[in-house]
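For reference, run-v3.txt (compact mmCIF, C-alpha atoms):
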```txt
# COMPACT_ATOMS: atom_id res chain seq x y z
CA MET A 1 0.00 0.00 0.00
CA ASN A 2 1.22 3.49 -0.89
CA GLU A 3 2.23 5.19 2.37
CA TYR A 4 0.67 8.42 1.06
CA TYR A 5 -2.89 7.21 1.22
CA PRO A 6 -5.93 8.46 3.14
CA THR A 7 -6.55 6.88 6.52
CA ASP A 8 -8.91 3.91 6.23
CA SER A 9 -12.22 5.15 7.63
CA LEU A 10 -13.33 1.56 8.21
CA LYS A 11 -10.58 1.28 10.80
CA SER A 12 -10.47 4.85 12.14
CA PRO A 13 -13.64 7.00 12.41
CA ARG A 14 -13.66 10.05 10.14
CA TYR A 15 -14.15 12.41 13.08
CA SER A 16 -10.92 11.28 14.76
CA GLY A 17 -7.31 12.27 14.22
CA ILE A 18 -5.66 15.42 12.93
CA PRO A 19 -7.82 16.99 10.17
CA THR A 20 -5.56 16.90 7.11
CA PHE A 21 -7.03 16.96 3.61
CA MET A 22 -8.90 13.66 3.13
CA ARG A 23 -6.98 12.39 6.18
CA LEU A 24 -3.80 12.15 4.13
CA PRO A 25 -0.42 12.03 5.86
CA VAL A 26 1.49 15.27 6.37
CA GLU A 27 4.72 15.60 4.42
CA ASP A 28 6.99 18.64 4.28
CA ASP A 29 9.72 17.07 2.12
CA PRO A 30 8.79 17.75 -1.51
CA SER A 31 11.26 15.15 -2.78
CA LYS A 32 9.02 12.39 -1.41
CA ILE A 33 5.74 13.31 -3.10
CA ASP A 34 4.19 14.00 -6.51
CA VAL A 35 1.26 16.19 -5.48
CA ALA A 36 1.08 18.60 -2.54
CA ILE A 37 -2.13 19.85 -0.96
CA VAL A 38 -1.06 23.35 0.09
CA GLY A 39 -3.08 25.72 2.23
CA ILE A 40 -2.66 29.48 1.80
CA PRO A 41 -4.74 31.09 4.56
CA PHE A 42 -4.56 34.65 3.23
CA ASP A 43 -7.40 37.08 2.47
CA SER A 44 -5.91 40.56 2.77
CA GLY A 45 -6.69 41.21 -0.90
CA VAL A 46 -10.47 41.02 -0.61
CA THR A 47 -12.66 44.00 -1.47
CA TYR A 48 -15.92 42.97 0.23
CA ARG A 49 -16.48 40.20 2.78
CA PRO A 50 -13.38 38.71 4.46
CA GLY A 51 -12.94 35.23 5.90
CA ALA A 52 -11.21 33.18 3.18
CA ARG A 53 -8.16 32.91 5.43
CA MET A 54 -10.12 30.34 7.42
CA ALA A 55 -10.95 28.18 4.39
CA PRO A 56 -7.95 25.82 4.28
CA ARG A 57 -8.71 24.61 7.79
CA ASP A 58 -12.45 24.28 7.21
CA ILE A 59 -12.09 22.54 3.85
CA ARG A 60 -9.74 20.01 5.41
CA VAL A 61 -12.34 19.22 8.07
CA GLN A 62 -15.10 18.77 5.49
CA SER A 63 -12.89 16.58 3.29
CA ALA A 64 -12.92 13.75 5.83
CA LEU A 65 -16.10 12.33 4.27
CA ILE A 66 -14.60 11.81 0.79
CA ARG A 67 -13.74 8.26 -0.25
CA PRO A 68 -10.73 7.56 -2.50
CA TYR A 69 -12.22 5.80 -5.56
CA ASN A 70 -13.98 7.74 -8.32
CA PRO A 71 -16.44 5.36 -10.04
CA VAL A 72 -17.22 7.76 -12.91
CA LEU A 73 -13.62 8.39 -13.94
CA LYS A 74 -12.66 4.90 -12.74
CA VAL A 75 -9.61 6.15 -10.92
CA ASP A 76 -8.11 6.17 -7.46
CA PRO A 77 -5.78 9.20 -7.60
CA PHE A 78 -3.82 7.99 -4.57
CA LYS A 79 -2.73 4.91 -6.49
CA LEU A 80 -1.44 7.08 -9.33
CA HIS A 81 0.30 9.79 -7.34
CA ARG A 82 2.02 10.19 -4.00
CA VAL A 83 -0.26 12.84 -2.51
CA ALA A 84 0.26 14.44 0.87
CA ASP A 85 -0.94 17.42 2.88
CA PHE A 86 1.97 19.87 2.73
CA GLY A 87 0.53 22.15 5.40
CA ASP A 88 0.16 25.91 5.00
CA ILE A 89 2.26 28.68 3.50
CA VAL A 90 2.71 31.49 6.01
CA ALA A 91 1.84 34.77 4.29
CA ASN A 92 2.04 38.17 6.01
CA PRO A 93 -1.58 39.33 6.57
CA PHE A 94 -0.47 42.96 6.97
CA SER A 95 1.49 43.30 3.71
CA ILE A 96 0.18 42.05 0.39
CA GLU A 97 3.58 42.57 -1.26
CA ASP A 98 5.35 40.51 1.41
CA ALA A 99 2.69 37.82 1.15
CA LEU A 100 3.07 37.62 -2.63
CA GLN A 101 6.81 37.09 -2.26
CA ALA A 102 6.40 34.36 0.37
CA ILE A 103 3.83 32.48 -1.73
CA HIS A 104 6.02 32.80 -4.82
CA ARG A 105 9.04 31.33 -3.00
CA ALA A 106 7.11 28.42 -1.52
CA ILE A 107 5.35 27.40 -4.73
CA SER A 108 8.58 27.80 -6.69
CA GLU A 109 10.29 25.34 -4.33
CA LEU A 110 7.57 22.77 -4.94
CA LEU A 111 7.68 23.18 -8.71
CA HIS A 112 11.47 22.92 -8.86
CA SER A 113 11.12 19.67 -6.90
CA GLY A 114 8.76 18.29 -9.53
CA VAL A 115 5.67 18.57 -7.33
CA THR A 116 2.24 19.58 -8.63
CA PRO A 117 0.62 22.05 -6.20
CA VAL A 118 -3.08 21.74 -5.42
CA ILE A 119 -3.71 24.94 -3.51
CA VAL A 120 -6.43 25.66 -0.99
CA GLY A 121 -6.91 29.42 -0.59
CA GLY A 122 -7.32 32.04 0.53
CA ASP A 123 -8.54 34.83 -1.69
CA HIS A 124 -7.82 35.10 -5.40
CA THR A 125 -4.79 37.34 -4.90
CA ILE A 126 -2.77 34.17 -4.25
CA THR A 127 -3.01 33.10 -7.89
CA LEU A 128 -0.67 35.85 -9.10
CA PRO A 129 2.45 34.70 -7.18
CA THR A 130 1.60 31.11 -8.07
CA LEU A 131 1.63 32.00 -11.77
CA ARG A 132 4.92 33.81 -11.28
CA ALA A 133 6.37 30.57 -9.94
CA MET A 134 4.80 28.62 -12.82
CA HIS A 135 6.44 30.98 -15.30
CA GLU A 136 9.88 30.30 -13.80
CA VAL A 137 9.54 26.61 -14.56
CA TYR A 138 7.21 26.38 -17.57
CA GLY A 139 7.08 29.82 -19.15
CA PRO A 140 3.60 31.19 -19.97
CA VAL A 141 0.73 28.79 -19.23
CA ALA A 142 -2.89 28.62 -20.35
CA VAL A 143 -5.24 29.53 -17.51
CA VAL A 144 -8.66 27.97 -17.14
CA HIS A 145 -10.36 30.44 -14.82
CA PHE A 146 -13.69 29.57 -13.22
CA ASP A 147 -15.25 32.72 -11.79
CA ALA A 148 -18.33 34.92 -11.74
CA HIS A 149 -16.02 37.91 -12.17
CA LEU A 150 -13.40 38.98 -14.70
CA ASP A 151 -10.69 39.85 -12.14
CA THR A 152 -9.06 42.12 -14.72
CA TRP A 153 -9.53 45.45 -12.99
CA ASP A 154 -6.44 47.65 -12.89
CA SER A 155 -6.54 48.77 -9.27
CA TYR A 156 -8.76 49.15 -6.24
CA PHE A 157 -8.35 52.18 -3.95
CA GLY A 158 -4.93 52.65 -5.53
CA SER A 159 -3.77 49.06 -4.92
CA ARG A 160 -2.68 47.09 -7.96
CA TYR A 161 -2.68 43.80 -6.03
CA THR A 162 -6.11 42.57 -4.98
CA HIS A 163 -8.33 39.57 -5.62
CA GLY A 164 -9.93 41.51 -8.49
CA THR A 165 -6.71 42.53 -10.28
CA TRP A 166 -4.57 39.38 -10.28
CA PHE A 167 -5.44 38.30 -13.83
CA ARG A 168 -4.58 41.71 -15.28
CA ARG A 169 -1.23 41.71 -13.46
CA ALA A 170 -0.52 38.17 -14.71
CA VAL A 171 -1.09 39.30 -18.30
CA ASP A 172 0.95 42.47 -17.77
CA GLU A 173 3.85 40.32 -16.55
CA GLY A 174 3.64 37.90 -19.48
CA LEU A 175 2.69 34.90 -17.36
CA VAL A 176 -0.36 33.80 -19.36
CA MET A 177 -1.03 32.39 -22.84
CA THR A 178 -3.96 34.72 -23.35
CA ASP A 179 -5.19 33.22 -26.61
CA ARG A 180 -5.45 29.78 -24.96
CA SER A 181 -7.07 30.88 -21.70
CA TYR A 182 -10.68 30.65 -20.58
CA GLN A 183 -12.88 32.62 -18.21
CA ILE A 184 -15.88 30.45 -17.33
CA GLY A 185 -19.09 31.30 -15.50
CA LEU A 186 -19.02 35.07 -15.95
CA ARG A 187 -22.22 36.76 -14.91
CA GLY A 188 -23.83 39.63 -13.09
CA GLN A 189 -23.40 43.37 -13.18
CA VAL A 190 -20.26 45.28 -14.13
CA TYR A 191 -19.38 48.97 -13.93
CA SER A 192 -19.65 49.52 -17.68
CA GLU A 193 -19.40 47.74 -21.02
CA GLU A 194 -15.73 48.73 -21.15
CA ASP A 195 -15.00 46.28 -18.31
CA PHE A 196 -14.83 43.53 -20.94
CA ASP A 197 -12.32 45.34 -23.13
CA PHE A 198 -9.21 43.89 -21.48
CA SER A 199 -10.34 40.29 -21.95
CA LEU A 200 -11.50 40.92 -25.50
CA ARG A 201 -8.30 42.73 -26.42
CA ASN A 202 -6.16 39.86 -25.11
CA GLY A 203 -8.16 37.08 -26.74
CA PHE A 204 -9.54 35.31 -23.67
CA ARG A 205 -12.31 32.83 -24.37
CA MET A 206 -15.07 34.33 -22.19
CA VAL A 207 -17.89 31.92 -21.35
CA THR A 208 -20.85 33.59 -19.68
CA ILE A 209 -23.32 31.65 -17.58
CA GLU A 210 -25.90 32.26 -20.31
CA GLU A 211 -23.71 30.53 -22.87
CA LEU A 212 -22.94 27.69 -20.49
CA LYS A 213 -26.60 27.10 -19.72
CA GLU A 214 -27.99 27.57 -23.22
CA ASN A 215 -25.33 26.32 -25.62
CA ARG A 216 -24.96 22.59 -25.05
CA GLY A 217 -23.99 23.21 -21.44
CA ALA A 218 -20.88 21.67 -19.94
CA LYS A 219 -20.56 19.07 -22.71
CA GLY A 220 -19.97 21.68 -25.41
CA LEU A 221 -17.31 23.43 -23.36
CA VAL A 222 -15.53 20.19 -22.50
CA GLU A 223 -15.07 19.55 -26.22
CA GLN A 224 -13.31 22.92 -26.47
CA PHE A 225 -11.01 22.09 -23.56
CA GLN A 226 -9.58 19.14 -25.45
CA ALA A 227 -8.38 21.49 -28.19
CA LEU A 228 -5.75 22.70 -25.72
CA GLY A 229 -3.87 19.49 -26.46
CA ASP A 230 -0.50 19.32 -24.74
CA THR A 231 -0.53 22.99 -23.65
CA ARG A 232 0.44 23.38 -20.01
CA VAL A 233 -2.67 24.41 -18.10
CA TYR A 234 -3.16 26.08 -14.74
CA VAL A 235 -6.68 25.90 -13.30
CA SER A 236 -7.96 28.58 -10.93
CA PHE A 237 -11.37 27.92 -9.39
CA ASP A 238 -13.17 30.73 -7.59
CA ILE A 239 -16.04 29.17 -5.65
CA ASP A 240 -18.27 32.14 -6.49
CA CYS A 241 -18.65 30.72 -10.01
CA ILE A 242 -21.13 28.39 -8.28
CA ASP A 243 -24.60 29.73 -7.55
CA PRO A 244 -24.83 30.86 -3.89
CA ALA A 245 -27.71 28.42 -3.43
CA PHE A 246 -25.01 25.73 -3.54
CA ALA A 247 -22.08 27.80 -2.23
CA PRO A 248 -23.21 30.65 0.02
CA GLY A 249 -19.90 30.81 1.88
CA THR A 250 -17.98 33.24 -0.28
CA GLY A 251 -16.93 36.87 -0.11
CA THR A 252 -18.57 38.18 -3.30
CA PRO A 253 -21.67 36.05 -3.99
CA GLN A 254 -23.40 36.49 -7.34
CA ILE A 255 -26.77 34.94 -8.11
CA GLY A 256 -27.54 32.84 -11.17
CA GLY A 257 -24.45 30.65 -11.33
CA MET A 258 -23.74 27.06 -12.26
CA ASP A 259 -24.80 24.26 -9.96
CA SER A 260 -22.46 21.84 -8.22
CA PHE A 261 -22.99 19.03 -10.74
CA GLU A 262 -22.12 21.30 -13.67
CA ALA A 263 -18.89 22.21 -11.88
CA VAL A 264 -18.04 18.53 -11.41
CA GLN A 265 -18.74 17.85 -15.10
CA LEU A 266 -16.46 20.69 -16.20
CA ILE A 267 -13.61 19.56 -13.98
CA ARG A 268 -13.90 15.99 -15.22
CA GLY A 269 -13.80 17.40 -18.74
CA LEU A 270 -10.24 18.60 -18.09
CA LYS A 271 -8.99 15.02 -17.97
CA GLY A 272 -6.24 14.45 -20.49
CA LEU A 273 -4.85 17.98 -20.31
CA ASP A 274 -1.38 18.76 -19.00
CA ILE A 275 -2.49 20.36 -15.74
CA VAL A 276 0.50 21.78 -13.89
CA GLY A 277 -1.33 23.27 -10.91
CA VAL A 278 -4.72 24.02 -9.38
CA ASP A 279 -6.14 26.43 -6.85
CA MET A 280 -9.49 26.68 -5.05
CA VAL A 281 -10.15 30.17 -3.72
CA GLU A 282 -12.67 32.54 -2.12
CA VAL A 283 -14.38 30.09 0.24
CA SER A 284 -15.39 32.09 3.32
CA PRO A 285 -16.58 29.71 6.06
CA SER A 286 -18.05 32.45 8.25
CA TYR A 287 -20.75 33.02 5.59
CA ASP A 288 -21.38 29.34 4.97
CA SER A 289 -24.49 27.35 5.82
CA GLY A 290 -23.93 24.00 7.46
CA GLY A 291 -20.48 23.72 5.89
CA ILE A 292 -21.91 23.09 2.41
CA THR A 293 -19.51 25.45 0.61
CA SER A 294 -16.42 23.94 2.21
CA LEU A 295 -17.80 20.47 1.55
CA LEU A 296 -18.30 21.35 -2.12
CA ALA A 297 -14.82 22.87 -2.36
CA ALA A 298 -13.28 19.73 -0.83
CA ASN A 299 -15.09 17.50 -3.30
CA LEU A 300 -14.09 19.65 -6.26
CA LEU A 301 -10.46 19.49 -5.14
CA TYR A 302 -10.78 15.70 -5.03
CA GLU A 303 -12.13 15.79 -8.61
CA PHE A 304 -9.06 17.80 -9.60
CA LEU A 305 -6.81 15.13 -8.10
CA CYS A 306 -8.59 12.60 -10.31
CA VAL A 307 -7.77 14.47 -13.54
CA LEU A 308 -4.13 15.32 -12.86
CA PRO A 309 -1.83 13.76 -15.47
CA ALA A 310 0.42 10.90 -14.47
CA LYS A 311 3.98 11.99 -13.75
CA LYS A 312 6.32 11.41 -16.68
```
Would you write out, as structure tokens, the structure that this file holds?
Amino acid sequence: MNEYYPTDSLKSPRYSGIPTFMRLPVEDDPSKIDVAIVGIPFDSGVTYRPGARMAPRDIRVQSALIRPYNPVLKVDPFKLHRVADFGDIVANPFSIEDALQAIHRAISELLHSGVTPVIVGGDHTITLPTLRAMHEVYGPVAVVHFDAHLDTWDSYFGSRYTHGTWFRRAVDEGLVMTDRSYQIGLRGQVYSEEDFDFSLRNGFRMVTIEELKENRGAKGLVEQFQALGDTRVYVSFDIDCIDPAFAPGTGTPQIGGMDSFEAVQLIRGLKGLDIVGVDMVEVSPSYDSGGITSLLAANLLYEFLCVLPAKK
């Protein structure tokens, strides 16, 4: 048996033990693992409701219910990869710039060790330093961005580094293959029609919730994903792309989103792509209801583990 395997819940009750992700062992030596579950409890970049700093802990607790075998994809990811809970990256809550540097260093260390990071945020600001680290190793990557919002604003109250500006900064810094990147689940109000100009100008494939719901749904989009071929892909999943009926625990809820099953379908549709990293962001447990948002986030992270490519 692989030593990096979830604790057997038939031998040890799920509510016992230290709450790691899916009750995996803790490992802080990247040379021993293929995939690291990494918490980044940071939310100093939010512009509305805080609380995402508490998400890594809460998602780990909710993940205890998940079983290892996926009968739809017919895969047990823990038999394909050595997966461990890598603990949390300590990021300065009083300085966004310091936090970005700390996250960059930590993710860079994992990547240079050949480890695929599966990141549990935290607010969406954390994706920028992660992409900086990705660029060091892989060069520009395609980004599949699930979100209700564009996150391409230039600044907020004079700050260029927030959870709503990270994608613009990533493009400015040359970290993203813009013509191969997607923004999925966009919906709701914006400040003006010009808010879409940046994405249009850079060639992002913008998929609104209307298109997702009305144009062959998830199946049609999955067919497009496969056109990415062997492009290196980073996936960033903002939980607010899900309708707040299914995921109320988030900082910037927006009505009319996709449901939880559609999200699962879309993630499964990424199978076969060269996914080099994943993040799950913007879960805010203090606004949750019965833990359903953290439970959903934990299950979606498990689905991501099931579609990661085998190590070469």
When you look at range 15-30 of chain A with a cut-off of 9 Å (counting only C-alpha atoms), what residues show up, excluding the ones that are within fewer than 2 positions of it in the same chain? I need them as a JSON list (two decimals) with C-alpha atoms, keeping the file's coordinate frame.
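Produced file out26.json, reproduced below:
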```json
[["chain", "number", "residue", "atom", "x", "y", "z"],
["A", 3, "GLU", "CA", 2.23, 5.19, 2.37],
["A", 4, "TYR", "CA", 0.67, 8.42, 1.06],
["A", 5, "TYR", "CA", -2.89, 7.21, 1.22],
["A", 6, "PRO", "CA", -5.93, 8.46, 3.14],
["A", 7, "THR", "CA", -6.55, 6.88, 6.52],
["A", 8, "ASP", "CA", -8.91, 3.91, 6.23],
["A", 12, "SER", "CA", -10.47, 4.85, 12.14],
["A", 13, "PRO", "CA", -13.64, 7.00, 12.41],
["A", 32, "LYS", "CA", 9.02, 12.39, -1.41],
["A", 33, "ILE", "CA", 5.74, 13.31, -3.10],
["A", 34, "ASP", "CA", 4.19, 14.00, -6.51],
["A", 35, "VAL", "CA", 1.26, 16.19, -5.48],
["A", 36, "ALA", "CA", 1.08, 18.60, -2.54],
["A", 37, "ILE", "CA", -2.13, 19.85, -0.96],
["A", 56, "PRO", "CA", -7.95, 25.82, 4.28],
["A", 57, "ARG", "CA", -8.71, 24.61, 7.79],
["A", 59, "ILE", "CA", -12.09, 22.54, 3.85],
["A", 60, "ARG", "CA", -9.74, 20.01, 5.41],
["A", 61, "VAL", "CA", -12.34, 19.22, 8.07],
["A", 62, "GLN", "CA", -15.10, 18.77, 5.49],
["A", 63, "SER", "CA", -12.89, 16.58, 3.29],
["A", 64, "ALA", "CA", -12.92, 13.75, 5.83],
["A", 65, "LEU", "CA", -16.10, 12.33, 4.27],
["A", 66, "ILE", "CA", -14.60, 11.81, 0.79],
["A", 67, "ARG", "CA", -13.74, 8.26, -0.25],
["A", 68, "PRO", "CA", -10.73, 7.56, -2.50],
["A", 83, "VAL", "CA", -0.26, 12.84, -2.51],
["A", 84, "ALA", "CA", 0.26, 14.44, 0.87],
["A", 85, "ASP", "CA", -0.94, 17.42, 2.88],
["A", 86, "PHE", "CA", 1.97, 19.87, 2.73],
["A", 87, "GLY", "CA", 0.53, 22.15, 5.40],
["A", 109, "GLU", "CA", 10.29, 25.34, -4.33],
["A", 110, "LEU", "CA", 7.57, 22.77, -4.94],
["A", 113, "SER", "CA", 11.12, 19.67, -6.90],
["A", 114, "GLY", "CA", 8.76, 18.29, -9.53],
["A", 115, "VAL", "CA", 5.67, 18.57, -7.33],
["A", 298, "ALA", "CA", -13.28, 19.73, -0.83],
["A", 302, "TYR", "CA", -10.78, 15.70, -5.03]]
```
Once you count all atoms listed in the file, what closest atom pair and distance in Å to one decimal does each residue of range 122-143 of chain A within 12 Å of range 180-200 of chain A have, with rows by chain and rising residue number, as a tab-separated table?
```
residue	atom	partner	partner_atom	distance
A:Pro140	CA	A:Arg180	CA	10.4
A:Val141	CA	A:Ser181	CA	8.4
A:Ala142	CA	A:Ser181	CA	4.9
A:Val143	CA	A:Ser181	CA	4.8
```
With range 239-251 of chain A as the partner and 12 Å as the cut-off, tabulate the residues of range 51-71 of chain A that qualify, each row holding the nearest pair of atoms and their distance in Å to one decimal, using only C-alpha atoms, sorted by chain and rising number, as CSV.
```
residue,atom,partner,partner_atom,distance
A:Gly51,CA,A:Gly251,CA,7.4
A:Ala52,CA,A:Gly251,CA,7.6
A:Arg53,CA,A:Gly251,CA,11.1
A:Met54,CA,A:Gly249,CA,11.2
A:Ala55,CA,A:Gly249,CA,9.7
A:Asp58,CA,A:Gly249,CA,11.2
A:Ile59,CA,A:Gly249,CA,11.5
```
Of the listed residues A:Arg169, A:His163, A:Lys213, A:His135, that which approaches Tyr48 in chain A most closely, counting all atoms listed in the file: A:His163
Taking only C-alpha atoms into account, name the residue in A:Ala148, A:Val90, A:Leu131, A:Ile126 that is nearest to Ser108 in chain A. A:Leu131
Would you kindly return, as a ChimeraX atom specification, each protein, DNA or RNA residue with an atom no farther than 9 Å from any atom of Leu111 in chain A, considering only C-alpha atoms and excluding same-chain residues fewer than 4 positions away? /A:106-107,115-117,133-134,137,276
Residues of the last selection are to be written out with C-alpha atoms, as a short mmCIF file (atom, residue, chain, number, x, y, z; two decimals), in the frame of the given file.
```
data_model
loop_
_atom_site.label_atom_id
_atom_site.label_comp_id
_atom_site.auth_asym_id
_atom_site.auth_seq_id
_atom_site.Cartn_x
_atom_site.Cartn_y
_atom_site.Cartn_z
CA ALA A 106 7.11 28.42 -1.52
CA ILE A 107 5.35 27.40 -4.73
CA VAL A 115 5.67 18.57 -7.33
CA THR A 116 2.24 19.58 -8.63
CA PRO A 117 0.62 22.05 -6.20
CA ALA A 133 6.37 30.57 -9.94
CA MET A 134 4.80 28.62 -12.82
CA VAL A 137 9.54 26.61 -14.56
CA VAL A 276 0.50 21.78 -13.89
#
```
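Nearest to Glu136 in chain A of all the residues A:Val264, A:Leu296, A:Leu175, A:Leu100 is A:Leu175, based on only C-alpha atoms.
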Work out how far CA of Arg49 in chain A is from CA of Ser95 in chain A, in Å to one decimal. 18.3 Å
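The spacing separating CA of Asp88 in chain A from CA of Leu300 in chain A amounts to 19.2 Å.
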Here is a test: counting only C-alpha atoms, which residue of A:Thr127, A:Ile40, A:Val307, A:His104 is nearest to Ile89 in chain A? A:Ile40
So which one's closest to Ala218 in chain A, A:Arg232, A:Arg168, A:Arg268, A:Arg201? Using all atoms listed in the file, please. A:Arg268
Selection near Pro77 in chain A, 7 Å with only C-alpha atoms, sequence-local residues under 4 positions removed, as JSON, numbers by chain: {"A": [81, 305, 306]}
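For the atom pair formed by CA of Val46 in chain A and CA of Val278 in chain A, the distance is 20.0 Å, given to one decimal.
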Minimum-distance residue to Phe157 in chain A, chosen among A:Pro285, A:Gly139, A:Gly39, A:Gly45 (using only C-alpha atoms): A:Gly45
Asp154 in chain A surroundings by only C-alpha atoms, 9 Å radius, close-in-sequence under 5 positions cut, as a compact mmCIF listing (two decimals) with C-alpha atoms, keeping the file's coordinate frame:
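What landed in out29.txt:
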```txt
# COMPACT_ATOMS: atom_id res chain seq x y z
CA SER A 159 -3.77 49.06 -4.92
CA ARG A 160 -2.68 47.09 -7.96
CA TYR A 161 -2.68 43.80 -6.03
CA GLY A 164 -9.93 41.51 -8.49
CA THR A 165 -6.71 42.53 -10.28
CA TRP A 166 -4.57 39.38 -10.28
CA ARG A 168 -4.58 41.71 -15.28
CA ARG A 169 -1.23 41.71 -13.46
```
